[in-house]
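Raw structure.txt, compact mmCIF, C-alpha atoms:
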```
# COMPACT_ATOMS: atom_id res chain seq x y z
CA MET G 1 0.00 0.00 0.00
CA VAL G 2 1.35 3.44 -0.89
CA THR G 3 1.01 6.00 1.92
CA LYS G 4 0.39 9.70 1.30
CA ASP G 5 4.01 10.69 1.87
CA LYS G 6 5.28 7.97 -0.52
CA MET G 7 2.78 8.89 -3.26
CA PRO G 8 4.43 10.13 -6.47
CA GLU G 9 4.23 13.88 -6.96
CA CYS G 10 2.84 13.42 -10.49
CA ASP G 11 -0.89 12.65 -10.52
CA VAL G 12 -0.63 10.34 -13.56
CA ALA G 13 2.12 8.39 -11.79
CA THR G 14 -0.17 8.14 -8.75
CA THR G 15 -2.89 6.48 -10.82
CA VAL G 16 -0.31 4.21 -12.45
CA GLU G 17 0.93 3.30 -8.94
CA ILE G 18 -2.58 2.22 -7.92
CA ILE G 19 -3.97 0.62 -11.09
CA GLY G 20 -0.94 0.52 -13.36
CA SER G 21 -0.79 -3.20 -13.95
CA LYS G 22 -2.59 -4.98 -16.77
CA TRP G 23 -4.55 -7.23 -14.44
CA LYS G 24 -5.61 -4.54 -11.95
CA THR G 25 -7.14 -2.49 -14.76
CA LEU G 26 -9.03 -5.54 -16.03
CA ILE G 27 -10.20 -6.48 -12.51
CA ILE G 28 -11.60 -2.94 -12.15
CA ARG G 29 -13.30 -3.30 -15.55
CA ASP G 30 -14.97 -6.53 -14.35
CA LEU G 31 -16.02 -5.14 -10.97
CA MET G 32 -17.60 -2.11 -12.66
CA THR G 33 -20.54 -4.43 -13.47
CA GLY G 34 -20.96 -5.44 -9.83
CA ALA G 35 -19.50 -7.66 -7.12
CA LYS G 36 -17.81 -10.84 -8.27
CA ARG G 37 -16.56 -14.08 -6.75
CA ASN G 38 -12.93 -15.16 -7.13
CA THR G 39 -14.00 -17.90 -9.56
CA GLU G 40 -15.91 -15.40 -11.71
CA LEU G 41 -12.86 -13.13 -11.93
CA LYS G 42 -10.58 -16.06 -12.70
CA HIS G 43 -12.96 -17.09 -15.50
CA SER G 44 -13.24 -13.67 -17.14
CA LEU G 45 -9.55 -12.75 -16.78
CA HIS G 46 -8.10 -15.21 -19.29
CA GLY G 47 -4.56 -16.22 -18.37
CA ILE G 48 -4.39 -14.75 -14.87
CA SER G 49 -2.86 -17.03 -12.24
CA GLN G 50 -4.53 -17.46 -8.84
CA LYS G 51 -1.42 -16.00 -7.22
CA VAL G 52 -1.56 -12.80 -9.29
CA LEU G 53 -5.33 -12.49 -8.78
CA THR G 54 -4.99 -12.89 -5.00
CA GLU G 55 -2.06 -10.42 -4.81
CA SER G 56 -3.82 -7.88 -7.06
CA LEU G 57 -7.03 -8.02 -5.00
CA LYS G 58 -5.09 -7.70 -1.74
CA SER G 59 -3.18 -4.68 -3.04
CA MET G 60 -6.40 -3.04 -4.30
CA ILE G 61 -8.06 -3.67 -0.89
CA ASP G 62 -5.03 -2.08 0.81
CA ASP G 63 -5.37 0.89 -1.56
CA LYS G 64 -9.07 1.15 -0.61
CA ILE G 65 -10.46 0.76 -4.15
CA VAL G 66 -11.80 -2.79 -3.62
CA GLU G 67 -13.52 -4.39 -0.63
CA ARG G 68 -14.00 -8.02 0.30
CA ILE G 69 -17.44 -9.15 1.41
CA ASP G 70 -17.59 -12.32 3.50
CA PHE G 71 -21.14 -13.67 3.64
CA LYS G 72 -20.16 -15.87 6.67
CA LYS G 73 -21.69 -18.96 5.13
CA ASN G 74 -20.74 -22.60 4.97
CA PRO G 75 -19.45 -23.38 2.45
CA PRO G 76 -17.66 -20.02 2.47
CA HIS G 77 -19.08 -17.32 0.19
CA VAL G 78 -16.81 -14.29 -0.49
CA GLU G 79 -17.25 -11.57 -3.11
CA TYR G 80 -15.19 -8.57 -4.15
CA GLN G 81 -16.60 -5.21 -5.12
CA LEU G 82 -15.36 -1.71 -5.88
CA THR G 83 -15.52 0.73 -2.99
CA GLU G 84 -17.07 4.15 -3.50
CA LEU G 85 -13.52 5.37 -4.20
CA GLY G 86 -12.94 2.50 -6.63
CA ASN G 87 -16.08 3.42 -8.55
CA THR G 88 -14.66 6.91 -9.22
CA LEU G 89 -12.28 5.16 -11.64
CA LEU G 90 -15.14 4.86 -14.15
CA PRO G 91 -13.93 7.83 -16.28
CA VAL G 92 -10.48 6.20 -16.62
CA ILE G 93 -12.01 2.89 -17.72
CA GLU G 94 -14.41 4.70 -20.08
CA ALA G 95 -11.55 6.67 -21.65
CA MET G 96 -9.63 3.40 -22.13
CA LYS G 97 -12.69 1.76 -23.68
CA GLU G 98 -13.19 4.61 -26.14
CA TRP G 99 -9.54 4.64 -27.11
CA GLY G 100 -9.50 0.87 -27.60
CA GLN G 101 -12.45 1.16 -30.02
CA PHE G 102 -10.73 4.02 -31.83
CA TYR G 103 -7.40 2.17 -32.05
CA LYS G 104 -8.97 -0.97 -33.49
CA LYS G 105 -10.63 1.06 -36.24
CA HIS G 106 -7.23 2.49 -37.11
CA LEU G 107 -5.49 -0.88 -37.31
CA THR G 108 -5.05 -1.86 -40.93
CA ILE G 109 -3.32 -5.25 -40.53
CA MET J 1 3.08 -5.76 -32.04
CA VAL J 2 -0.52 -6.94 -31.81
CA THR J 3 -2.22 -7.41 -35.18
CA LYS J 4 -5.91 -6.78 -35.74
CA ASP J 5 -6.90 -10.44 -35.60
CA LYS J 6 -4.97 -10.96 -32.31
CA MET J 7 -6.45 -7.84 -30.68
CA PRO J 8 -8.59 -8.63 -27.61
CA GLU J 9 -12.33 -8.41 -28.22
CA CYS J 10 -12.74 -6.12 -25.19
CA ASP J 11 -11.86 -2.50 -25.94
CA VAL J 12 -10.45 -1.86 -22.44
CA ALA J 13 -8.22 -4.92 -22.83
CA THR J 14 -7.08 -3.52 -26.18
CA THR J 15 -5.90 -0.30 -24.54
CA VAL J 16 -4.25 -2.27 -21.75
CA GLU J 17 -2.51 -4.37 -24.42
CA ILE J 18 -1.04 -1.23 -26.00
CA ILE J 19 -0.29 0.99 -23.01
CA GLY J 20 -0.92 -1.32 -20.07
CA SER J 21 2.50 -1.21 -18.50
CA LYS J 22 3.54 1.32 -15.88
CA TRP J 23 6.41 2.66 -17.96
CA LYS J 24 4.53 2.96 -21.27
CA THR J 25 1.88 5.13 -19.61
CA LEU J 26 4.55 7.37 -18.11
CA ILE J 27 6.44 7.58 -21.44
CA ILE J 28 3.20 8.73 -23.09
CA ARG J 29 2.73 11.28 -20.30
CA ASP J 30 6.21 12.67 -20.99
CA LEU J 31 5.81 12.73 -24.77
CA MET J 32 2.52 14.62 -24.43
CA THR J 33 4.67 17.74 -23.85
CA GLY J 34 6.63 17.20 -27.09
CA ALA J 35 9.42 15.12 -28.61
CA LYS J 36 12.09 13.89 -26.21
CA ARG J 37 15.56 12.38 -26.43
CA ASN J 38 16.34 9.04 -24.82
CA THR J 39 18.39 10.81 -22.13
CA GLU J 40 15.50 13.15 -21.31
CA LEU J 41 13.13 10.20 -20.91
CA LYS J 42 15.65 8.27 -18.80
CA HIS J 43 15.99 11.34 -16.57
CA SER J 44 12.27 11.97 -16.03
CA LEU J 45 11.33 8.29 -15.62
CA HIS J 46 12.96 7.64 -12.27
CA GLY J 47 14.03 4.03 -11.91
CA ILE J 48 13.53 2.87 -15.50
CA SER J 49 16.36 0.77 -16.92
CA GLN J 50 17.75 1.47 -20.38
CA LYS J 51 16.63 -2.00 -21.46
CA VAL J 52 13.01 -1.41 -20.43
CA LEU J 53 13.01 2.08 -21.99
CA THR J 54 14.38 0.76 -25.29
CA GLU J 55 11.94 -2.18 -25.36
CA SER J 56 8.97 0.02 -24.42
CA LEU J 57 9.79 2.57 -27.14
CA LYS J 58 10.26 -0.18 -29.74
CA SER J 59 6.93 -1.76 -28.85
CA MET J 60 5.17 1.63 -28.96
CA ILE J 61 6.74 2.34 -32.37
CA ASP J 62 5.53 -1.08 -33.59
CA ASP J 63 2.05 -0.22 -32.27
CA LYS J 64 2.20 3.10 -34.22
CA ILE J 65 1.71 5.38 -31.19
CA VAL J 66 5.32 6.64 -31.09
CA GLU J 67 7.73 7.54 -33.89
CA ARG J 68 11.50 7.85 -33.91
CA ILE J 69 13.05 10.93 -35.55
CA ASP J 70 16.65 10.60 -36.68
CA PHE J 71 18.15 14.03 -37.40
CA LYS J 72 21.01 12.35 -39.39
CA LYS J 73 23.63 14.30 -37.52
CA ASN J 74 27.07 13.52 -36.16
CA PRO J 75 27.12 12.97 -33.26
CA PRO J 76 23.78 11.16 -33.69
CA HIS J 77 20.64 13.06 -32.68
CA VAL J 78 17.46 10.99 -32.24
CA GLU J 79 14.15 12.02 -30.66
CA TYR J 80 10.91 10.22 -29.95
CA GLN J 81 7.46 11.74 -30.33
CA LEU J 82 3.84 10.65 -30.23
CA THR J 83 2.26 9.97 -33.60
CA GLU J 84 -1.12 11.48 -34.46
CA LEU J 85 -2.62 8.21 -33.20
CA GLY J 86 -0.53 8.39 -30.02
CA ASN J 87 -1.79 11.90 -29.33
CA THR J 88 -5.38 10.59 -29.26
CA LEU J 89 -4.44 9.00 -25.91
CA LEU J 90 -4.70 12.43 -24.28
CA PRO J 91 -8.19 11.75 -22.78
CA VAL J 92 -6.85 8.58 -21.11
CA ILE J 93 -3.89 10.44 -19.60
CA GLU J 94 -6.15 13.33 -18.56
CA ALA J 95 -8.59 10.93 -16.86
CA MET J 96 -5.67 9.31 -15.03
CA LYS J 97 -4.36 12.71 -13.97
CA GLU J 98 -7.73 13.78 -12.59
CA TRP J 99 -8.17 10.50 -10.73
CA GLY J 100 -4.69 10.72 -9.24
CA GLN J 101 -5.47 14.20 -7.88
CA PHE J 102 -8.79 12.94 -6.51
CA TYR J 103 -7.20 9.85 -4.93
CA LYS J 104 -4.49 11.84 -3.16
CA LYS J 105 -7.11 14.13 -1.61
CA HIS J 106 -8.86 11.05 -0.28
CA LEU J 107 -5.75 9.52 1.27
CA THR J 108 -5.80 10.13 5.03
CA ILE J 109 -2.49 8.45 6.03
```
Would you put the structure from the file into structure tokens?
Amino acid sequence: MVTKDKMPECDVATTVEIIGSKWKTLIIRDLMTGAKRNTELKHSLHGISQKVLTESLKSMIDDKIVERIDFKKNPPHVEYQLTELGNTLLPVIEAMKEWGQFYKKHLTI
Amino acid sequence: MVTKDKMPECDVATTVEIIGSKWKTLIIRDLMTGAKRNTELKHSLHGISQKVLTESLKSMIDDKIVERIDFKKNPPHVEYQLTELGNTLLPVIEAMKEWGQFYKKHLTI
């Protein structure tokens, strides 16, 4: 977790610090449509290892953009969802979505 | 370089494919203010190795978002700049900048 005093001065670098990995961005994309179980995330994030998924979720919980909901059931039922703060990332995800569409139209090969 | 047929179906994943690494996003941030030499990029991107910088630039050139300008001088003078396509990433960088500002205000520790 990056504390206030260790946060990069540059605001773009701050965002990269928090969501700058490929998988974290895609986890946020998936959680934008609502809370998900670990298995659901594993399924939609093709190629992610359980280790990376677990570490990414832990880091995002530490950074207060994701929260873990334990339904206290047997068998255990846990879901992950974006916090209020995590949901404010929508404009970043939207901008990425628009650019991805635009880029694909520009690709000739 | 990712060709059209290998591009992820999801538009967000497409953007992550092209700029999804920490350093590529920060290189784009730096090139948004104009062409830069390798040494300038190395200086502003604290902690990047020459290997990662060279590989990132090559990949971004392959993906047509950065171009290399050789001034054909002696000693050699080379600069890197965003292509027209690369410059269309501005909304993504702006969204990241705004979120970074917002996140830092929310950090209490």
Near G:Ser56, counting only C-alpha atoms, which residues have an atom at most 9 Å away, once you skip same-chain residues fewer than 2 positions from it, shown as JSON, numbers by chain? {"G": [21, 23, 24, 27, 51, 52, 53, 54, 58, 59, 60, 61]}
List every residue of chain J that has an atom at most 9 Å from any atom of chain G, and for each one report the closest atom pair and its distance in Å to one decimal, counting all atoms listed in the file, with rows sorted by chain and then by increasing residue number, as JSON lines.
```
{"residue": "J:Thr3", "atom": "CA", "partner": "G:Ile109", "partner_atom": "CA", "distance": 5.9}
{"residue": "J:Lys4", "atom": "CA", "partner": "G:Ile109", "partner_atom": "CA", "distance": 5.7}
{"residue": "J:Asp5", "atom": "CA", "partner": "G:Ile109", "partner_atom": "CA", "distance": 8.0}
{"residue": "J:Met7", "atom": "CA", "partner": "G:Lys104", "partner_atom": "CA", "distance": 7.8}
{"residue": "J:Cys10", "atom": "CA", "partner": "G:Lys97", "partner_atom": "CA", "distance": 8.0}
{"residue": "J:Asp11", "atom": "CA", "partner": "G:Gly100", "partner_atom": "CA", "distance": 4.4}
{"residue": "J:Val12", "atom": "CA", "partner": "G:Lys97", "partner_atom": "CA", "distance": 4.4}
{"residue": "J:Ala13", "atom": "CA", "partner": "G:Leu26", "partner_atom": "CA", "distance": 6.9}
{"residue": "J:Thr14", "atom": "CA", "partner": "G:Gly100", "partner_atom": "CA", "distance": 5.2}
{"residue": "J:Thr15", "atom": "CA", "partner": "G:Gly100", "partner_atom": "CA", "distance": 4.9}
{"residue": "J:Val16", "atom": "CA", "partner": "G:Lys22", "partner_atom": "CA", "distance": 5.9}
{"residue": "J:Glu17", "atom": "CA", "partner": "G:Lys22", "partner_atom": "CA", "distance": 7.7}
{"residue": "J:Ile18", "atom": "CA", "partner": "G:Gly100", "partner_atom": "CA", "distance": 8.9}
{"residue": "J:Ile19", "atom": "CA", "partner": "G:Lys22", "partner_atom": "CA", "distance": 8.9}
{"residue": "J:Gly20", "atom": "CA", "partner": "G:Lys22", "partner_atom": "CA", "distance": 5.2}
{"residue": "J:Ser21", "atom": "CA", "partner": "G:Ser21", "partner_atom": "CA", "distance": 6.0}
{"residue": "J:Lys22", "atom": "CA", "partner": "G:Gly20", "partner_atom": "CA", "distance": 5.2}
{"residue": "J:Trp23", "atom": "CA", "partner": "G:Val16", "partner_atom": "CA", "distance": 8.8}
{"residue": "J:Thr25", "atom": "CA", "partner": "G:Val16", "partner_atom": "CA", "distance": 7.5}
{"residue": "J:Leu26", "atom": "CA", "partner": "G:Ala13", "partner_atom": "CA", "distance": 6.8}
{"residue": "J:Arg29", "atom": "CA", "partner": "G:Val12", "partner_atom": "CA", "distance": 7.6}
{"residue": "J:Leu85", "atom": "CA", "partner": "G:Tyr103", "partner_atom": "CA", "distance": 7.8}
{"residue": "J:Thr88", "atom": "CA", "partner": "G:Trp99", "partner_atom": "CA", "distance": 7.6}
{"residue": "J:Leu89", "atom": "CA", "partner": "G:Trp99", "partner_atom": "CA", "distance": 6.8}
{"residue": "J:Pro91", "atom": "CA", "partner": "G:Ala95", "partner_atom": "CA", "distance": 6.2}
{"residue": "J:Val92", "atom": "CA", "partner": "G:Ala95", "partner_atom": "CA", "distance": 5.1}
{"residue": "J:Ile93", "atom": "CA", "partner": "G:Val12", "partner_atom": "CA", "distance": 6.9}
{"residue": "J:Glu94", "atom": "CA", "partner": "G:Val12", "partner_atom": "CA", "distance": 8.0}
{"residue": "J:Ala95", "atom": "CA", "partner": "G:Val92", "partner_atom": "CA", "distance": 5.1}
{"residue": "J:Met96", "atom": "CA", "partner": "G:Val12", "partner_atom": "CA", "distance": 5.4}
{"residue": "J:Lys97", "atom": "CA", "partner": "G:Val12", "partner_atom": "CA", "distance": 4.4}
{"residue": "J:Glu98", "atom": "CA", "partner": "G:Asp11", "partner_atom": "CA", "distance": 7.2}
{"residue": "J:Trp99", "atom": "CA", "partner": "G:Thr15", "partner_atom": "CA", "distance": 6.6}
{"residue": "J:Gly100", "atom": "CA", "partner": "G:Asp11", "partner_atom": "CA", "distance": 4.5}
{"residue": "J:Gln101", "atom": "CA", "partner": "G:Asp11", "partner_atom": "CA", "distance": 5.5}
{"residue": "J:Phe102", "atom": "CA", "partner": "G:Thr88", "partner_atom": "CA", "distance": 8.8}
{"residue": "J:Tyr103", "atom": "CA", "partner": "G:Leu85", "partner_atom": "CA", "distance": 7.8}
{"residue": "J:Lys104", "atom": "CA", "partner": "G:Lys4", "partner_atom": "CA", "distance": 6.9}
{"residue": "J:His106", "atom": "CA", "partner": "G:Leu85", "partner_atom": "CA", "distance": 8.3}
{"residue": "J:Leu107", "atom": "CA", "partner": "G:Lys4", "partner_atom": "CA", "distance": 6.1}
{"residue": "J:Thr108", "atom": "CA", "partner": "G:Lys4", "partner_atom": "CA", "distance": 7.2}
{"residue": "J:Ile109", "atom": "CA", "partner": "G:Lys4", "partner_atom": "CA", "distance": 5.7}
```
Expressed in Å to a single decimal, how great is the separation between atom CA of G:Thr83 and atom CA of G:Arg68?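 Straight-line distance from atom CA of G:Thr83 to atom CA of G:Arg68 works out to 9.5 Å.
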Exercise: J:Leu82 partners within 8 Å, all atoms listed in the file, chain neighbours under 2 positions left out, as a PyMOL selection string: chain J and resi 28+31-32+34-35+65-67+80+84-87
Do you know which residues are at most 10 Å from G:Ile69 counting all atoms listed in the file, after dropping those on the same chain fewer than 4 positions away, and could you put them as a list in words?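 Listing them by chain and then by number gives Ala35, Lys36, Arg37, His77, Val78, Glu79, Tyr80 and Gln81 of chain G.
For the pair atom CA of J:Lys73 and atom CA of J:Leu57, the interatomic distance is 20.9 Å.
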Separation of atom CA of J:Ser44 from atom CA of J:Asp30 in Å: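 Here the two named atoms are 7.9 Å from each other.
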